[in-house]
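*Asks:* Provided herewith is a single structure, encoded as structure tokens, for subsequent inquiry.
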Amino acid sequence: MVQMYYENDADPALITRRKVAVMGFGSQGHAHALNLKDSGVDVVVGLREGSRRTQAASDAGLKVVDPETAAEWADVIMILVPDQVQADFYSELIAPRLQTGDTLLFAHGFSIHFDFIDPPPDVDVAMVAPKGPGHLVRRQFVEGSGVPTLVAVHQDATGSALDLALSYANAIGGTRAGVIETTFAEETETDLFGEQVILCGGVDSLIQASFETLVDAGYEPEMAYFEVLHELKLIVDLLFEGGIEWMRHSVSDTAEYGDITRGPRIVTDDTRAEMRVILDEIRSGAFAREWMAEYRTGAPRLKAARADIAAHPVEVTGKRLRDMMPFLVAKTPEDDV
């Protein structure tokens, strides 16, 4: 059984006695910074000059400074910039300003686990990772609740890294829901596997292949879109609420029978074997090295894939249909400003 922590297990005073810099103000950054502020923590947001997030952070009542100033001032630094830029961000802006006894925090173990960041031995290194997007972390906190959170310690120079991480988790609302102790390796490897095999890669590929199969067979794109993408939310909501058993209970008997008899024909022994290959690539660091090499050469494969999916018939059809749904606030990458 995993080790669980709740509010009674955390000392709120530990983090309120520290000076915290949140590096970044994206999905997680805005939630962490605002929740910390509301919990009485002395917090600043570190953003590069000219960042498009600066105005939003300032408008939210947060103090914004450049990352160098934030790192110099703080004794707890939460790094919430994207994985692919963390190593350079750390080496250029944070590492020269670290002092003995400081604490480095992460919300994902990628850079530490795969050795893109190598902190000095005299600082604590821990992870506080809410298992939900930043808007949910913020909303649940404001409503008096929280999001389940992971905590891990990579380096315990002071002997109190876990206690401080739990105090930080408490300040962003994590201990209200429960904090699970894990390791940087376990969090990183399972997170990447989930993204690649089911949550993003698997689902995306199934949607596109299913849509193409129906359209190629002569069905209207609009009908295909509703069946293979639009209704996916209904199923995911059922899974979220009560797991596979509840989902199967909630759908029709016809759907359930199709599930148990046809699903295994889609996820075959070959599929499972490829899942194991993908997991091996993650655990060995091969995927991490591949991704960082891709990013450092300008991410041509990623950019090409973004252009391809924007032009895919399932996306073209979906954009047209979503415009017909007044109950839906449709989103595009251009909305993320």
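The way I read the labels, and the way they are meant: chains A, B, ... in the order of the structure tokens, residue 1 as the first residue of every chain, and ligand 1 as the first ligand shown, with later ones counted on from there.
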Which of stretch 43-290 of chain A counts as helix (DSSP H, G or I) under DSSP, as a PyMOL selection string please?
*Replies:* chain A and resi 54-59+67-73+83-97+110-113+134-142+161-171+174-177+184-199+201-216+221-230+232-250+253-266+269-284+286-290
*Asks:* DSSP says strand (DSSP E) for which residues of stretch 43-261 of chain A? Put them as a ChimeraX atom specification?
*Replies:* /A:43-46,63-65,76-79,103-106,124-130,149-155,179-181
*Asks:* With only C-alpha atoms as the counted atoms, please give the residues lying no more than 12 Å from A:Val267, apart from itself and same-chain residues fewer than 5 positions off, as a PyMOL selection string.
*Replies:* chain A and resi 197-198+202+206+259-262+272-275
*Asks:* At a cut-off of 12 Å, can you tabulate as a Markdown table every residue of stretch 208-294 of chain A near stretch 312-321 of chain A together with its closest atom pair and the distance in Å to one decimal, using only C-alpha atoms and ordering rows by chain then number?
*Replies:*
```
| residue | atom | partner | partner_atom | distance |
| --- | --- | --- | --- | --- |
| A:Gln208 | CA | A:Val314 | CA | 6.9 |
| A:Ala209 | CA | A:Val314 | CA | 10.0 |
| A:Ser210 | CA | A:Val314 | CA | 9.9 |
| A:Phe211 | CA | A:Val314 | CA | 6.7 |
| A:Glu212 | CA | A:Val314 | CA | 8.2 |
| A:Thr213 | CA | A:Val314 | CA | 11.5 |
| A:Leu214 | CA | A:Val314 | CA | 11.1 |
| A:Val215 | CA | A:Pro313 | CA | 9.5 |
| A:Asp216 | CA | A:Pro313 | CA | 11.6 |
| A:Glu220 | CA | A:Thr317 | CA | 10.1 |
| A:Pro221 | CA | A:Thr317 | CA | 6.6 |
| A:Glu222 | CA | A:Thr317 | CA | 6.4 |
| A:Met223 | CA | A:Thr317 | CA | 9.8 |
| A:Ala224 | CA | A:Val314 | CA | 8.4 |
| A:Tyr225 | CA | A:Val314 | CA | 6.4 |
| A:Phe226 | CA | A:Gly318 | CA | 8.6 |
| A:Glu227 | CA | A:Val314 | CA | 11.4 |
| A:Val228 | CA | A:Val314 | CA | 9.5 |
| A:Leu229 | CA | A:Gly318 | CA | 8.6 |
| A:His230 | CA | A:Gly318 | CA | 8.4 |
```
*Asks:* Could you write out that same residue set with N, CA and C atoms as a short mmCIF file (atom, residue, chain, number, x, y, z; two decimals), in the first residue's frame?
*Replies:*
```cif
data_model
loop_
_atom_site.label_atom_id
_atom_site.label_comp_id
_atom_site.auth_asym_id
_atom_site.auth_seq_id
_atom_site.Cartn_x
_atom_site.Cartn_y
_atom_site.Cartn_z
N GLN A 208 -8.44 9.06 -34.77
CA GLN A 208 -8.17 9.30 -36.20
C GLN A 208 -8.43 8.05 -37.03
N ALA A 209 -7.96 6.89 -36.54
CA ALA A 209 -8.15 5.65 -37.29
C ALA A 209 -9.63 5.28 -37.38
N SER A 210 -10.38 5.48 -36.30
CA SER A 210 -11.81 5.16 -36.32
C SER A 210 -12.57 6.07 -37.26
N PHE A 211 -12.25 7.35 -37.22
CA PHE A 211 -12.89 8.32 -38.12
C PHE A 211 -12.61 7.96 -39.57
N GLU A 212 -11.35 7.69 -39.87
CA GLU A 212 -10.97 7.35 -41.25
C GLU A 212 -11.66 6.08 -41.72
N THR A 213 -11.80 5.09 -40.82
CA THR A 213 -12.45 3.83 -41.19
C THR A 213 -13.91 4.05 -41.59
N LEU A 214 -14.62 4.85 -40.80
CA LEU A 214 -16.03 5.12 -41.10
C LEU A 214 -16.20 5.95 -42.38
N VAL A 215 -15.40 6.99 -42.52
CA VAL A 215 -15.52 7.85 -43.70
C VAL A 215 -15.13 7.09 -44.96
N ASP A 216 -14.07 6.29 -44.88
CA ASP A 216 -13.65 5.49 -46.04
C ASP A 216 -14.72 4.48 -46.44
N GLU A 220 -21.02 9.61 -43.44
CA GLU A 220 -20.79 11.06 -43.44
C GLU A 220 -19.79 11.45 -42.34
N PRO A 221 -18.89 12.40 -42.63
CA PRO A 221 -17.91 12.81 -41.62
C PRO A 221 -18.55 13.29 -40.32
N GLU A 222 -19.70 13.96 -40.45
CA GLU A 222 -20.36 14.47 -39.24
C GLU A 222 -20.80 13.32 -38.33
N MET A 223 -21.34 12.27 -38.91
CA MET A 223 -21.75 11.11 -38.13
C MET A 223 -20.54 10.43 -37.50
N ALA A 224 -19.47 10.32 -38.27
CA ALA A 224 -18.25 9.70 -37.75
C ALA A 224 -17.69 10.51 -36.58
N TYR A 225 -17.70 11.83 -36.72
CA TYR A 225 -17.17 12.70 -35.65
C TYR A 225 -17.94 12.49 -34.34
N PHE A 226 -19.26 12.50 -34.44
CA PHE A 226 -20.05 12.35 -33.22
C PHE A 226 -19.78 11.01 -32.54
N GLU A 227 -19.63 9.95 -33.33
CA GLU A 227 -19.49 8.62 -32.74
C GLU A 227 -18.10 8.35 -32.17
N VAL A 228 -17.06 8.88 -32.81
CA VAL A 228 -15.71 8.49 -32.38
C VAL A 228 -14.99 9.56 -31.57
N LEU A 229 -15.51 10.79 -31.54
CA LEU A 229 -14.84 11.85 -30.77
C LEU A 229 -15.79 12.53 -29.80
N HIS A 230 -16.88 13.07 -30.30
CA HIS A 230 -17.79 13.85 -29.44
C HIS A 230 -18.29 13.03 -28.24
#
```
*Asks:* Excluding stretch 167-181 of chain A and its own-chain neighbours fewer than 2 positions away, which residues fall within 7 Å of it when counting only C-alpha atoms? Please give them as a compact mmCIF listing (two decimals) with N, CA, C and O atoms, in the first residue's frame.
*Replies:*
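Result written to part12.txt:
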```txt
# COMPACT_ATOMS: atom_id res chain seq x y z
N VAL A 2 0.42 2.27 -0.73
CA VAL A 2 1.16 3.52 -0.77
C VAL A 2 1.00 4.27 0.55
O VAL A 2 0.04 4.08 1.29
N GLN A 3 1.96 5.14 0.83
CA GLN A 3 1.89 6.00 2.00
C GLN A 3 1.06 7.23 1.65
O GLN A 3 1.33 7.92 0.66
N MET A 4 0.02 7.49 2.45
CA MET A 4 -0.86 8.63 2.22
C MET A 4 -0.69 9.66 3.33
O MET A 4 -0.49 9.30 4.49
N TYR A 5 -0.79 10.93 2.96
CA TYR A 5 -0.70 12.01 3.92
C TYR A 5 -1.90 12.94 3.75
O TYR A 5 -2.37 13.16 2.62
N TYR A 6 -2.36 13.49 4.89
CA TYR A 6 -3.49 14.42 4.88
C TYR A 6 -3.12 15.66 5.69
O TYR A 6 -1.96 15.83 6.10
N GLU A 7 -4.09 16.53 5.90
CA GLU A 7 -3.79 17.82 6.52
C GLU A 7 -3.13 17.68 7.89
O GLU A 7 -2.26 18.48 8.25
N ALA A 10 0.76 17.48 7.87
CA ALA A 10 1.57 18.59 7.36
C ALA A 10 1.60 19.73 8.36
O ALA A 10 0.60 20.03 9.02
N ASP A 11 2.75 20.37 8.44
CA ASP A 11 2.92 21.55 9.30
C ASP A 11 2.88 22.80 8.41
O ASP A 11 3.85 23.09 7.70
N PRO A 12 1.78 23.54 8.42
CA PRO A 12 1.67 24.71 7.52
C PRO A 12 2.74 25.75 7.77
O PRO A 12 3.09 26.51 6.85
N LEU A 14 5.89 25.46 8.18
CA LEU A 14 7.18 25.24 7.53
C LEU A 14 7.30 26.05 6.25
O LEU A 14 8.34 26.66 5.98
N ILE A 15 6.25 26.07 5.44
CA ILE A 15 6.33 26.80 4.17
C ILE A 15 6.08 28.28 4.36
O ILE A 15 6.62 29.11 3.62
N HIS A 32 -0.39 27.20 -8.46
CA HIS A 32 0.51 27.12 -7.31
C HIS A 32 0.71 28.50 -6.69
O HIS A 32 0.59 28.66 -5.46
N ASN A 35 -2.55 29.84 -4.99
CA ASN A 35 -2.91 29.07 -3.79
C ASN A 35 -1.92 29.33 -2.66
O ASN A 35 -2.32 29.45 -1.49
N LEU A 36 -0.65 29.41 -2.99
CA LEU A 36 0.36 29.74 -1.98
C LEU A 36 0.09 31.12 -1.37
O LEU A 36 0.13 31.29 -0.14
N SER A 39 -2.68 31.11 0.98
CA SER A 39 -2.34 30.38 2.21
C SER A 39 -1.36 31.13 3.09
O SER A 39 -0.88 30.60 4.10
N VAL A 128 6.32 18.01 -5.77
CA VAL A 128 4.92 18.16 -5.34
C VAL A 128 4.12 18.28 -6.63
O VAL A 128 4.19 19.28 -7.33
N PRO A 130 0.42 17.91 -8.25
CA PRO A 130 -1.04 17.68 -8.27
C PRO A 130 -1.44 16.83 -9.47
O PRO A 130 -0.92 17.04 -10.57
N PHE A 141 -9.22 24.47 -4.79
CA PHE A 141 -8.70 25.19 -3.63
C PHE A 141 -9.67 26.30 -3.21
O PHE A 141 -10.00 26.44 -2.03
N SER A 145 -11.68 22.63 -1.33
CA SER A 145 -11.28 21.24 -1.51
C SER A 145 -9.86 21.20 -2.07
O SER A 145 -9.10 22.15 -1.95
N GLY A 146 -9.51 20.08 -2.69
CA GLY A 146 -8.18 19.96 -3.25
C GLY A 146 -8.12 18.84 -4.27
O GLY A 146 -9.09 18.12 -4.49
N VAL A 147 -6.97 18.71 -4.90
CA VAL A 147 -6.72 17.69 -5.91
C VAL A 147 -5.69 16.70 -5.35
O VAL A 147 -4.70 17.12 -4.76
N PRO A 148 -5.91 15.40 -5.50
CA PRO A 148 -4.89 14.44 -5.05
C PRO A 148 -3.52 14.80 -5.62
O PRO A 148 -3.40 15.20 -6.78
N THR A 149 -2.50 14.64 -4.79
CA THR A 149 -1.18 15.15 -5.12
C THR A 149 -0.13 14.09 -4.83
O THR A 149 -0.26 13.31 -3.88
N LEU A 150 0.93 14.09 -5.63
CA LEU A 150 2.06 13.20 -5.40
C LEU A 150 3.18 13.97 -4.73
O LEU A 150 3.38 15.16 -4.99
N VAL A 151 3.93 13.29 -3.88
CA VAL A 151 5.10 13.89 -3.26
C VAL A 151 6.24 12.89 -3.32
O VAL A 151 6.04 11.68 -3.20
N ALA A 152 7.44 13.40 -3.57
CA ALA A 152 8.62 12.53 -3.63
C ALA A 152 9.84 13.33 -3.23
O ALA A 152 9.89 14.55 -3.42
N ASP A 163 9.08 16.85 4.94
CA ASP A 163 8.20 17.70 5.74
C ASP A 163 7.89 19.01 5.02
O ASP A 163 6.75 19.48 5.04
N LEU A 164 8.92 19.59 4.38
CA LEU A 164 8.69 20.84 3.67
C LEU A 164 7.80 20.61 2.44
O LEU A 164 6.91 21.42 2.16
N ALA A 165 8.03 19.51 1.74
CA ALA A 165 7.20 19.20 0.57
C ALA A 165 5.74 19.01 0.98
O ALA A 165 4.83 19.47 0.28
```
*Asks:* Quick one: of A:Thr254, A:Ala157, A:Gly298, A:His113, who's nearest to A:Arg283, counting only C-alpha atoms?
*Replies:* A:His113
*Asks:* In Å, rounded to a single decimal, give me how far atom CA of A:Ile77 is from atom CA of A:Met292.
*Replies:* 23.1 Å
*Asks:* Near A:Asp118, within 12 Å and counting only C-alpha atoms, which residues show up once chain neighbours fewer than 4 positions away are dropped, as a list of chain:residue names?
*Replies:*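 Within the cut-off, the hits are A:Gln86, A:Ala87, A:Asp88, A:Tyr90, A:Ser91, A:Ile94, A:Ala95, A:Leu104, A:Phe110, A:Ser111, A:Ile112, A:His113, A:Phe114, A:Asp122, A:Val123, A:Asp124, A:Val125, A:His154, A:Gln155.
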*Asks:* Which residue gives the smallest distance to A:Met23 among A:Asp66, A:Asp83, A:Asp253, A:Glu143, with only C-alpha atoms counted?
*Replies:*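 Of the candidates, the smallest distance to A:Met23 is held by A:Asp66.
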